[in-house]
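Engineer: Input structure_23.cif, format and content: mmCIF, C-alpha atoms.
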data_my_file
#
loop_
_atom_site.group_PDB
_atom_site.id
_atom_site.type_symbol
_atom_site.label_atom_id
_atom_site.label_comp_id
_atom_site.auth_asym_id
_atom_site.auth_seq_id
_atom_site.Cartn_x
_atom_site.Cartn_y
_atom_site.Cartn_z
ATOM 1 C CA MET A 1 2.676 2.777 5.316
ATOM 2 C CA ASP A 2 3.564 0.905 2.281
ATOM 3 C CA PHE A 3 2.834 -2.800 1.688
ATOM 4 C CA GLN A 4 4.262 -3.955 -1.608
ATOM 5 C CA THR A 5 2.857 -7.279 -2.748
ATOM 6 C CA LEU A 6 3.903 -9.455 -5.636
ATOM 7 C CA ASN A 7 1.807 -8.845 -8.761
ATOM 8 C CA LEU A 8 -0.633 -6.929 -6.599
ATOM 9 C CA ASN A 9 -2.605 -5.510 -9.483
ATOM 10 C CA ASN A 10 -2.484 -8.646 -11.583
ATOM 11 C CA PRO A 11 -2.925 -11.430 -9.051
ATOM 12 C CA ALA A 12 -3.045 -15.127 -9.698
ATOM 13 C CA PRO A 13 -6.373 -16.707 -8.814
ATOM 14 C CA ALA A 14 -6.569 -18.061 -5.279
ATOM 15 C CA GLN A 15 -8.137 -21.320 -6.472
ATOM 16 C CA SER A 16 -4.966 -22.235 -8.398
ATOM 17 C CA VAL A 17 -3.216 -23.066 -5.132
ATOM 18 C CA THR A 18 -3.022 -26.743 -4.295
ATOM 19 C CA GLY A 19 -2.769 -28.439 -0.901
ATOM 20 C CA ALA A 20 -4.682 -28.065 2.325
ATOM 21 C CA ALA A 21 -5.547 -24.561 3.420
ATOM 22 C CA GLU A 22 -4.516 -23.242 6.823
ATOM 23 C CA GLN A 23 -7.421 -22.178 9.036
ATOM 24 C CA VAL A 24 -7.012 -18.821 10.777
ATOM 25 C CA ARG A 25 -9.387 -16.866 13.021
ATOM 26 C CA CYS A 26 -7.956 -13.421 12.313
ATOM 27 C CA LEU A 27 -5.679 -12.699 9.359
ATOM 28 C CA ILE A 28 -3.920 -9.338 9.138
ATOM 29 C CA ILE A 29 -2.399 -8.342 5.807
ATOM 30 C CA GLY A 30 0.183 -5.593 6.081
ATOM 31 C CA SER A 31 2.852 -4.564 8.566
ATOM 32 C CA GLY A 32 2.817 -0.797 8.882
ATOM 33 C CA PRO A 33 1.491 0.973 11.986
ATOM 34 C CA ALA A 34 -2.053 -0.163 11.160
ATOM 35 C CA GLY A 35 -1.159 -3.831 10.764
ATOM 36 C CA TYR A 36 1.093 -4.073 13.804
ATOM 37 C CA THR A 37 -1.371 -2.180 16.013
ATOM 38 C CA ALA A 38 -4.188 -4.441 14.852
ATOM 39 C CA ALA A 39 -1.976 -7.406 15.769
ATOM 40 C CA ILE A 40 -1.348 -5.992 19.252
ATOM 41 C CA TYR A 41 -5.057 -5.598 19.960
ATOM 42 C CA ALA A 42 -6.062 -8.855 18.308
ATOM 43 C CA GLY A 43 -3.372 -10.705 20.253
ATOM 44 C CA ARG A 44 -4.530 -9.240 23.566
ATOM 45 C CA ALA A 45 -8.086 -10.319 22.667
ATOM 46 C CA ASN A 46 -6.896 -13.929 22.216
ATOM 47 C CA LEU A 47 -7.777 -13.985 18.521
ATOM 48 C CA ALA A 48 -4.519 -15.782 17.649
ATOM 49 C CA PRO A 49 -3.846 -13.309 14.817
ATOM 50 C CA VAL A 50 -1.624 -14.242 11.893
ATOM 51 C CA LEU A 51 0.046 -11.276 10.207
ATOM 52 C CA TYR A 52 1.832 -11.353 6.862
ATOM 53 C CA GLU A 53 4.363 -8.551 6.592
ATOM 54 C CA GLY A 54 4.694 -8.263 2.819
ATOM 55 C CA MET A 55 7.665 -7.268 0.727
ATOM 56 C CA GLN A 56 8.450 -4.244 2.900
ATOM 57 C CA PRO A 57 8.059 -5.175 6.576
ATOM 58 C CA GLY A 58 7.311 -2.039 8.527
ATOM 59 C CA GLY A 59 6.020 -0.124 5.523
ATOM 60 C CA GLN A 60 6.972 3.343 4.363
ATOM 61 C CA LEU A 61 8.274 4.437 7.766
ATOM 62 C CA THR A 62 11.242 2.143 7.294
ATOM 63 C CA THR A 63 12.416 4.426 4.480
ATOM 64 C CA THR A 64 12.504 7.513 6.715
ATOM 65 C CA THR A 65 14.999 8.567 9.364
ATOM 66 C CA ASP A 66 13.692 10.508 12.356
ATOM 67 C CA VAL A 67 9.990 10.404 13.168
ATOM 68 C CA GLU A 68 9.193 13.305 15.491
ATOM 69 C CA ASN A 69 5.391 13.378 15.519
ATOM 70 C CA PHE A 70 4.540 9.923 16.863
ATOM 71 C CA PRO A 71 3.299 10.195 20.478
ATOM 72 C CA GLY A 72 5.497 8.697 23.165
ATOM 73 C CA TYR A 73 8.858 9.631 21.644
ATOM 74 C CA PRO A 74 9.616 13.162 22.873
ATOM 75 C CA SER A 75 13.062 13.163 21.287
ATOM 76 C CA GLY A 76 11.905 11.498 18.079
ATOM 77 C CA VAL A 77 12.603 7.964 16.926
ATOM 78 C CA ASP A 78 14.159 6.333 13.887
ATOM 79 C CA GLY A 79 11.455 4.991 11.558
ATOM 80 C CA ASN A 80 12.940 1.509 11.562
ATOM 81 C CA GLN A 81 13.156 1.511 15.354
ATOM 82 C CA LEU A 82 9.542 2.617 15.712
ATOM 83 C CA MET A 83 8.335 -0.231 13.540
ATOM 84 C CA ALA A 84 10.624 -2.690 15.341
ATOM 85 C CA ASP A 85 9.081 -1.586 18.634
ATOM 86 C CA LEU A 86 5.562 -2.101 17.317
ATOM 87 C CA ARG A 87 6.514 -5.480 15.890
ATOM 88 C CA GLU A 88 8.044 -6.611 19.169
ATOM 89 C CA GLN A 89 4.944 -5.515 21.056
ATOM 90 C CA ALA A 90 2.693 -7.452 18.673
ATOM 91 C CA ALA A 91 4.840 -10.564 19.121
ATOM 92 C CA ARG A 92 4.687 -10.152 22.891
ATOM 93 C CA PHE A 93 0.925 -10.595 22.800
ATOM 94 C CA GLY A 94 1.082 -13.720 20.696
ATOM 95 C CA ALA A 95 0.699 -12.445 17.150
ATOM 96 C CA ASP A 96 2.123 -14.881 14.591
ATOM 97 C CA LEU A 97 4.265 -12.582 12.441
ATOM 98 C CA ARG A 98 5.300 -14.047 9.109
ATOM 99 C CA TYR A 99 7.189 -12.988 6.020
ATOM 100 C CA GLY A 100 5.194 -13.272 2.823
ATOM 101 C CA ALA A 101 3.031 -11.236 0.490
ATOM 102 C CA ALA A 102 -0.656 -11.568 -0.285
ATOM 103 C CA THR A 103 -0.959 -12.219 -4.010
ATOM 104 C CA ALA A 104 -4.632 -13.114 -4.466
ATOM 105 C CA ALA A 105 -7.900 -12.924 -2.562
ATOM 106 C CA ASP A 106 -11.328 -14.550 -2.699
ATOM 107 C CA LEU A 107 -13.778 -12.703 -0.467
ATOM 108 C CA SER A 108 -16.895 -14.165 -2.051
ATOM 109 C CA SER A 109 -17.804 -16.227 1.015
ATOM 110 C CA SER A 110 -16.605 -17.050 4.518
ATOM 111 C CA PRO A 111 -14.064 -18.359 5.343
ATOM 112 C CA TYR A 112 -12.216 -15.848 3.190
ATOM 113 C CA LYS A 113 -9.375 -17.181 1.079
ATOM 114 C CA ILE A 114 -6.076 -15.338 0.797
ATOM 115 C CA THR A 115 -3.147 -16.653 -1.227
ATOM 116 C CA ILE A 116 0.356 -15.946 0.068
ATOM 117 C CA ASP A 117 3.274 -15.745 -2.374
ATOM 118 C CA GLY A 118 1.178 -17.494 -4.998
ATOM 119 C CA GLU A 119 1.432 -20.851 -3.250
ATOM 120 C CA LYS A 120 0.004 -20.950 0.286
ATOM 121 C CA LEU A 121 -3.742 -20.720 0.923
ATOM 122 C CA ILE A 122 -5.110 -19.187 4.119
ATOM 123 C CA GLU A 123 -8.790 -19.511 5.040
ATOM 124 C CA ALA A 124 -9.683 -16.797 7.546
ATOM 125 C CA GLU A 125 -12.811 -16.158 9.570
ATOM 126 C CA SER A 126 -11.931 -12.460 9.663
ATOM 127 C CA VAL A 127 -9.527 -10.346 7.640
ATOM 128 C CA ILE A 128 -7.947 -6.990 8.439
ATOM 129 C CA ILE A 129 -6.564 -5.346 5.313
ATOM 130 C CA ALA A 130 -3.712 -2.989 6.168
ATOM 131 C CA THR A 131 -1.860 -3.060 2.868
ATOM 132 C CA GLY A 132 -1.248 0.678 2.783
ATOM 133 C CA ALA A 133 -0.746 3.038 -0.108
ATOM 134 C CA SER A 134 2.451 3.436 -2.074
ATOM 135 C CA ALA A 135 3.685 6.895 -2.896
ATOM 136 C CA LYS A 136 4.032 7.530 -6.596
ATOM 137 C CA TYR A 137 7.541 8.326 -7.784
ATOM 138 C CA LEU A 138 8.917 9.681 -11.033
ATOM 139 C CA GLY A 139 11.017 6.578 -11.594
ATOM 140 C CA LEU A 140 14.373 8.329 -11.458
ATOM 141 C CA PRO A 141 17.345 6.314 -10.135
ATOM 142 C CA ASP A 142 18.254 9.321 -7.984
ATOM 143 C CA GLU A 143 15.017 8.943 -6.034
ATOM 144 C CA GLN A 144 16.332 5.671 -4.635
ATOM 145 C CA LYS A 145 19.869 6.984 -4.305
ATOM 146 C CA TYR A 146 18.769 9.837 -2.045
ATOM 147 C CA ALA A 147 15.893 8.101 -0.268
ATOM 148 C CA GLY A 148 15.984 9.331 3.314
ATOM 149 C CA SER A 149 18.719 11.805 2.360
ATOM 150 C CA GLY A 150 16.671 14.569 0.817
ATOM 151 C CA VAL A 151 13.946 12.726 -1.093
ATOM 152 C CA SER A 152 10.549 12.416 0.562
ATOM 153 C CA ALA A 153 6.945 11.709 -0.393
ATOM 154 C CA CYS A 154 5.470 13.210 2.776
ATOM 155 C CA ALA A 155 5.844 16.890 3.630
ATOM 156 C CA THR A 156 3.906 16.473 6.871
ATOM 157 C CA CYS A 157 6.302 13.725 7.957
ATOM 158 C CA ASP A 158 9.605 15.299 6.926
ATOM 159 C CA GLY A 159 9.026 19.004 6.365
ATOM 160 C CA PHE A 160 10.211 19.875 9.869
ATOM 161 C CA PHE A 161 13.763 18.937 8.890
ATOM 162 C CA TYR A 162 13.827 21.619 6.179
ATOM 163 C CA ARG A 163 13.108 24.683 8.252
ATOM 164 C CA LYS A 164 14.636 27.778 6.694
ATOM 165 C CA LYS A 165 15.987 25.702 3.804
ATOM 166 C CA THR A 166 15.153 25.488 0.108
ATOM 167 C CA VAL A 167 13.027 22.631 -1.170
ATOM 168 C CA ALA A 168 11.247 21.558 -4.333
ATOM 169 C CA VAL A 169 7.898 19.834 -4.809
ATOM 170 C CA VAL A 170 6.988 17.953 -7.993
ATOM 171 C CA GLY A 171 3.402 17.963 -9.241
ATOM 172 C CA GLY A 172 0.610 20.215 -10.400
ATOM 173 C CA GLY A 173 -2.471 18.896 -8.635
ATOM 174 C CA ASP A 174 -4.041 19.471 -5.243
ATOM 175 C CA THR A 175 -1.615 17.094 -3.529
ATOM 176 C CA ALA A 176 1.431 18.981 -4.778
ATOM 177 C CA CYS A 177 -0.101 22.352 -3.926
ATOM 178 C CA GLU A 178 -0.968 21.187 -0.421
ATOM 179 C CA GLU A 179 2.579 19.918 0.072
ATOM 180 C CA ALA A 180 4.068 23.165 -1.255
ATOM 181 C CA LEU A 181 1.853 25.307 0.969
ATOM 182 C CA TYR A 182 2.665 23.233 4.037
ATOM 183 C CA LEU A 183 6.379 23.493 3.308
ATOM 184 C CA SER A 184 6.117 27.227 2.648
ATOM 185 C CA HIS A 185 5.481 27.742 6.375
ATOM 186 C CA LEU A 186 8.729 25.952 7.222
ATOM 187 C CA ALA A 187 11.178 26.400 4.367
ATOM 188 C CA SER A 188 12.644 29.707 3.245
ATOM 189 C CA LYS A 189 11.842 28.925 -0.394
ATOM 190 C CA VAL A 190 9.762 26.337 -2.205
ATOM 191 C CA TYR A 191 9.991 25.498 -5.891
ATOM 192 C CA LEU A 192 6.918 23.862 -7.379
ATOM 193 C CA ILE A 193 7.980 21.909 -10.464
ATOM 194 C CA VAL A 194 5.047 21.560 -12.864
ATOM 195 C CA ARG A 195 5.232 19.608 -16.104
ATOM 196 C CA LYS A 196 2.371 21.477 -17.767
ATOM 197 C CA PRO A 197 1.940 25.226 -18.384
ATOM 198 C CA PHE A 198 -0.816 25.331 -15.773
ATOM 199 C CA LEU A 199 -1.797 23.896 -12.400
ATOM 200 C CA ARG A 200 -4.404 21.125 -12.364
ATOM 201 C CA ALA A 201 -5.318 21.906 -8.767
ATOM 202 C CA SER A 202 -8.625 23.391 -7.632
ATOM 203 C CA VAL A 203 -9.095 27.136 -8.006
ATOM 204 C CA ILE A 204 -8.613 27.907 -4.340
ATOM 205 C CA MET A 205 -5.420 25.874 -4.162
ATOM 206 C CA ARG A 206 -4.048 27.552 -7.269
ATOM 207 C CA GLU A 207 -4.737 30.959 -5.776
ATOM 208 C CA ARG A 208 -3.063 30.103 -2.500
ATOM 209 C CA VAL A 209 0.044 28.810 -4.216
ATOM 210 C CA MET A 210 0.351 31.747 -6.584
ATOM 211 C CA ASN A 211 -0.102 34.186 -3.699
ATOM 212 C CA ALA A 212 2.458 32.549 -1.414
ATOM 213 C CA PRO A 213 5.489 34.870 -1.392
ATOM 214 C CA ASN A 214 8.092 32.116 -1.017
ATOM 215 C CA ILE A 215 6.681 29.648 -3.564
ATOM 216 C CA GLU A 216 8.080 29.872 -7.092
ATOM 217 C CA VAL A 217 6.178 27.846 -9.681
ATOM 218 C CA LEU A 218 8.331 26.461 -12.487
ATOM 219 C CA PHE A 219 5.856 25.753 -15.260
ATOM 220 C CA GLU A 220 6.814 23.450 -18.158
ATOM 221 C CA HIS A 221 9.689 21.880 -16.266
ATOM 222 C CA VAL A 222 10.450 18.200 -15.772
ATOM 223 C CA THR A 223 12.983 16.689 -13.405
ATOM 224 C CA LYS A 224 15.924 15.006 -15.077
ATOM 225 C CA GLY A 225 17.889 14.104 -11.957
ATOM 226 C CA LEU A 226 19.213 15.078 -8.550
ATOM 227 C CA PHE A 227 22.750 15.743 -7.410
ATOM 228 C CA GLY A 228 24.702 16.169 -4.206
ATOM 229 C CA GLU A 229 27.420 14.647 -2.052
ATOM 230 C CA GLY A 230 25.602 12.090 0.071
ATOM 231 C CA VAL A 231 22.496 14.252 0.353
ATOM 232 C CA VAL A 232 20.394 16.210 -2.111
ATOM 233 C CA GLN A 233 21.976 19.540 -2.946
ATOM 234 C CA GLY A 234 20.245 20.321 -6.204
ATOM 235 C CA ALA A 235 18.061 19.188 -9.076
ATOM 236 C CA THR A 236 18.627 19.150 -12.811
ATOM 237 C CA LEU A 237 15.516 20.200 -14.735
ATOM 238 C CA VAL A 238 14.557 20.409 -18.374
ATOM 239 C CA LYS A 239 12.642 23.545 -19.261
ATOM 240 C CA LYS A 240 10.080 23.329 -22.066
ATOM 241 C CA PRO A 241 11.085 19.812 -23.109
ATOM 242 C CA GLY A 242 10.454 18.815 -26.694
ATOM 243 C CA THR A 243 10.336 22.388 -27.986
ATOM 244 C CA ALA A 244 12.787 24.652 -29.743
ATOM 245 C CA GLU A 245 13.200 26.489 -26.432
ATOM 246 C CA GLU A 246 14.247 23.377 -24.507
ATOM 247 C CA GLU A 247 17.084 23.960 -22.087
ATOM 248 C CA GLU A 248 18.647 22.305 -19.071
ATOM 249 C CA VAL A 249 18.590 24.241 -15.817
ATOM 250 C CA LYS A 250 19.838 23.502 -12.325
ATOM 251 C CA ILE A 251 18.360 24.642 -9.025
ATOM 252 C CA ALA A 252 19.982 24.451 -5.611
ATOM 253 C CA ILE A 253 17.742 22.657 -3.108
ATOM 254 C CA ASP A 254 18.067 20.797 0.178
ATOM 255 C CA GLY A 255 14.977 18.620 -0.171
ATOM 256 C CA PHE A 256 12.970 17.073 -2.999
ATOM 257 C CA PHE A 257 9.318 16.173 -2.330
ATOM 258 C CA LEU A 258 7.058 14.049 -4.492
ATOM 259 C CA GLY A 259 3.542 15.461 -4.712
ATOM 260 C CA ILE A 260 2.085 13.263 -7.434
ATOM 261 C CA GLY A 261 -0.164 11.202 -5.203
ATOM 262 C CA HIS A 262 -0.382 7.713 -3.754
ATOM 263 C CA GLN A 263 -1.541 4.392 -5.134
ATOM 264 C CA PRO A 264 -3.498 2.324 -2.589
ATOM 265 C CA ASN A 265 -2.497 -1.320 -2.620
ATOM 266 C CA THR A 266 -5.949 -2.719 -3.291
ATOM 267 C CA GLY A 267 -5.573 -4.551 -6.599
ATOM 268 C CA ILE A 268 -6.275 -8.023 -5.245
ATOM 269 C CA PHE A 269 -9.441 -6.870 -3.457
ATOM 270 C CA LYS A 270 -11.088 -4.717 -6.126
ATOM 271 C CA GLU A 271 -13.376 -7.503 -7.340
ATOM 272 C CA TYR A 272 -15.031 -7.772 -3.952
ATOM 273 C CA LEU A 273 -14.762 -4.460 -2.087
ATOM 274 C CA GLU A 274 -16.097 -1.020 -2.866
ATOM 275 C CA LEU A 275 -13.284 1.333 -3.868
ATOM 276 C CA ASP A 276 -13.391 5.073 -4.416
ATOM 277 C CA GLU A 277 -12.316 6.690 -7.681
ATOM 278 C CA ASN A 278 -8.670 6.570 -6.614
ATOM 279 C CA GLY A 279 -8.698 2.954 -5.479
ATOM 280 C CA TYR A 280 -9.022 3.436 -1.702
ATOM 281 C CA ILE A 281 -11.245 0.981 0.165
ATOM 282 C CA VAL A 282 -14.583 2.473 1.164
ATOM 283 C CA THR A 283 -15.591 1.556 4.718
ATOM 284 C CA LEU A 284 -18.854 2.062 6.564
ATOM 285 C CA PRO A 285 -19.304 5.502 8.187
ATOM 286 C CA ASP A 286 -17.134 5.920 11.304
ATOM 287 C CA SER A 287 -16.046 2.291 11.093
ATOM 288 C CA PRO A 288 -13.229 0.155 9.663
ATOM 289 C CA ALA A 289 -15.837 -2.366 8.458
ATOM 290 C CA THR A 290 -16.246 -2.956 4.738
ATOM 291 C CA LYS A 291 -19.430 -4.078 3.039
ATOM 292 C CA ILE A 292 -18.339 -7.709 3.594
ATOM 293 C CA PRO A 293 -18.989 -8.998 7.130
ATOM 294 C CA GLY A 294 -15.749 -9.871 8.890
ATOM 295 C CA VAL A 295 -13.535 -7.940 6.482
ATOM 296 C CA PHE A 296 -12.038 -4.690 7.776
ATOM 297 C CA ALA A 297 -9.698 -2.060 6.342
ATOM 298 C CA ALA A 298 -7.184 -0.050 8.361
ATOM 299 C CA GLY A 299 -4.516 2.543 7.665
ATOM 300 C CA ASP A 300 -3.617 4.259 4.427
ATOM 301 C CA VAL A 301 -5.389 1.660 2.286
ATOM 302 C CA ALA A 302 -8.663 3.264 3.409
ATOM 303 C CA ASP A 303 -7.408 6.782 4.176
ATOM 304 C CA PRO A 304 -7.009 9.178 1.249
ATOM 305 C CA VAL A 305 -6.889 12.209 3.564
ATOM 306 C CA TYR A 306 -4.530 11.992 6.557
ATOM 307 C CA LYS A 307 -2.003 9.258 5.738
ATOM 308 C CA GLN A 308 -0.160 9.556 9.067
ATOM 309 C CA ALA A 309 1.402 6.848 11.207
ATOM 310 C CA ILE A 310 -0.689 7.753 14.247
ATOM 311 C CA THR A 311 -3.999 7.754 12.364
ATOM 312 C CA ALA A 312 -3.070 4.424 10.793
ATOM 313 C CA ALA A 313 -2.286 2.967 14.213
ATOM 314 C CA GLY A 314 -5.615 4.221 15.547
ATOM 315 C CA SER A 315 -7.523 2.633 12.700
ATOM 316 C CA GLY A 316 -5.660 -0.637 13.273
ATOM 317 C CA CYS A 317 -6.876 -0.581 16.866
ATOM 318 C CA LYS A 318 -10.468 -0.044 15.731
ATOM 319 C CA ALA A 319 -10.248 -2.810 13.128
ATOM 320 C CA ALA A 320 -9.041 -5.340 15.704
ATOM 321 C CA ILE A 321 -11.764 -4.384 18.183
ATOM 322 C CA GLU A 322 -14.407 -4.757 15.483
ATOM 323 C CA ALA A 323 -12.939 -8.084 14.401
ATOM 324 C CA GLU A 324 -13.151 -9.355 17.994
ATOM 325 C CA ARG A 325 -16.787 -8.265 18.211
ATOM 326 C CA TYR A 326 -17.579 -9.927 14.895
ATOM 327 C CA LEU A 327 -15.935 -13.211 15.858
ATOM 328 C CA SER A 328 -17.608 -13.261 19.289
ATOM 329 C CA CYS A 329 -21.003 -13.178 17.607
ATOM 330 C CA LYS A 330 -20.309 -16.076 15.226
#
In structure tokens, what does this structure look like?
Structural biologist:
Amino acid sequence: MDFQTLNLNNPAPAQSVTGAAEQVRCLIIGSGPAGYTAAIYAGRANLAPVLYEGMQPGGQLTTTTDVENFPGYPSGVDGNQLMADLREQAARFGADLRYGAATAADLSSSPYKITIDGEKLIEAESVIIATGASAKYLGLPDEQKYAGSGVSACATCDGFFYRKKTVAVVGGGDTACEEALYLSHLASKVYLIVRKPFLRASVIMRERVMNAPNIEVLFEHVTKGLFGEGVVQGATLVKKPGTAEEEEVKIAIDGFFLGIGHQPNTGIFKEYLELDENGYIVTLPDSPATKIPGVFAAGDVADPVYKQAITAAGSGCKAAIEAERYLSCK
């Protein structure tokens, strides 16, 4: 549920925008399952929601192929089609869906000021932040080349497609170990590619990985590239890089999973909202509400644990309901 904004972590100040601001009752920032679901509920509640879709309308699901674990699609659904369906449903209930990225925010007082594309100022009575979290990648050109064709940043989402196949996971922390262990119950073999000579994960996770019979940990290996005809068929690694023992090795794999974490897209809000140590928005217990009245967070931007389309959609529903309650009391 990715929402890539322009200069998200180095935003221009909202007050630099000239011209009259547009007044909005409910502004939704982000267009993944959380944002679109919030728009559906806010539209049905007659909040006249305005939603800005960002640089990647539909979010991370638009980079996947079949989605098989979203309720209501017994035969699965293409990620792009799922998001198109949600978008159409939001539009049906009157949501104003717009292209544009949030580039700055001023949440110091109501109405809250959000700058779009560095030039348009929105003043909103309530704001639902659904900007998501972007998976971290190694930065290899092959990651883009094979996106949706063997490269994934979500084992829970895509692991099913690699049953009885060979896959690799990159990373040495808890995230990578969790991904490798999940995949070990589906794939016939899992390589865990670790840059350092040890795992950074917690003790219990290290033990589970080392005791898994079909997980092979490749310590002191870095990924140089991927290869294959149309789909991933293998990875080129460098063993013990920078040493006298450095050598290039190749492994045959069917899938390549990134397990190096996610970066929540919260840069423009960090001055005003409470964030955890990894940058996720902290909400009130059992609520999408933030510490600022009328400002809510939904989806992966406030979820460091589950990061699933269905949980994001559920939180978008809750955020819209809370926004309606907040606005009705004003």
Engineer: Env of segment 28-45 of chain A: 9 Å cut, atoms = all atoms listed in the file, seq-sep filter 3 positions within chain, self excluded. Answer as number ranges by chain.
Structural biologist: A: 1-4, 48-54, 56-61, 83, 86-87, 89-97, 101-102, 126-132, 298-300, 309-321, 323-324
Engineer: Under the PyMOL selection byres ((chain A and resi 172-177) around 8), which residues of this model are included? Write them out as a CSV table (one decimal) with C-alpha atoms, keeping the file's coordinate frame.
Structural biologist:
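Ended up saving to out.csv:
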chain,number,residue,atom,x,y,z
A,169,VAL,CA,7.9,19.8,-4.8
A,170,VAL,CA,7.0,18.0,-8.0
A,171,GLY,CA,3.4,18.0,-9.2
A,178,GLU,CA,-1.0,21.2,-0.4
A,179,GLU,CA,2.6,19.9,0.1
A,180,ALA,CA,4.1,23.2,-1.3
A,181,LEU,CA,1.9,25.3,1.0
A,192,LEU,CA,6.9,23.9,-7.4
A,193,ILE,CA,8.0,21.9,-10.5
A,194,VAL,CA,5.0,21.6,-12.9
A,195,ARG,CA,5.2,19.6,-16.1
A,196,LYS,CA,2.4,21.5,-17.8
A,198,PHE,CA,-0.8,25.3,-15.8
A,199,LEU,CA,-1.8,23.9,-12.4
A,200,ARG,CA,-4.4,21.1,-12.4
A,201,ALA,CA,-5.3,21.9,-8.8
A,202,SER,CA,-8.6,23.4,-7.6
A,205,MET,CA,-5.4,25.9,-4.2
A,206,ARG,CA,-4.0,27.6,-7.3
A,209,VAL,CA,0.0,28.8,-4.2
A,258,LEU,CA,7.1,14.0,-4.5
A,259,GLY,CA,3.5,15.5,-4.7
A,260,ILE,CA,2.1,13.3,-7.4
A,261,GLY,CA,-0.2,11.2,-5.2
Engineer: Which residue, A:Val282, A:Cys26, A:Ala20, A:Val231, has the smallest gap to Ser149 of chain A when you use only C-alpha atoms?
Structural biologist: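 Comparing A:Val282, A:Cys26, A:Ala20, A:Val231 against Ser149 of chain A, the winner is A:Val231.
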Engineer: Can you list what the PyMOL selection byres ((chain A and resi 272) around 8) grabs from this structure, as a list in words?
Structural biologist: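 Written out, the selection comes to Asp106, Leu107, Ser108, Phe269, Lys270, Glu271, Leu273 and Glu274 of chain A.
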Engineer: Please determine, counting all atoms listed in the file, which residue among A:Gly225, A:Tyr182, A:Leu27, A:Asn69 has the shortest atom-to-atom distance to Thr115 of chain A.
Structural biologist: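 With all atoms listed in the file as the atom set, the closest residue is A:Leu27.
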Engineer: For the file shown, report as a list of chain:residue names the outcome of the PyMOL selection byres ((chain A and resi 226) around 6) at residue level.
Structural biologist: A:Asp142, A:Gly225, A:Phe227, A:Gly234, A:Ala235, A:Thr236
Engineer: Suppose you want the space between atom CA of Phe257 of chain A and atom CA of Glu277 of chain A; what is it in Å?
Structural biologist: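 Interatomic distance here is 24.2 Å.
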Engineer: Do you have the atom CA of Gly148 of chain A-atom CA of Tyr306 of chain A distance handy?
Structural biologist: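 Computing it gives 20.9 Å between the two atoms.
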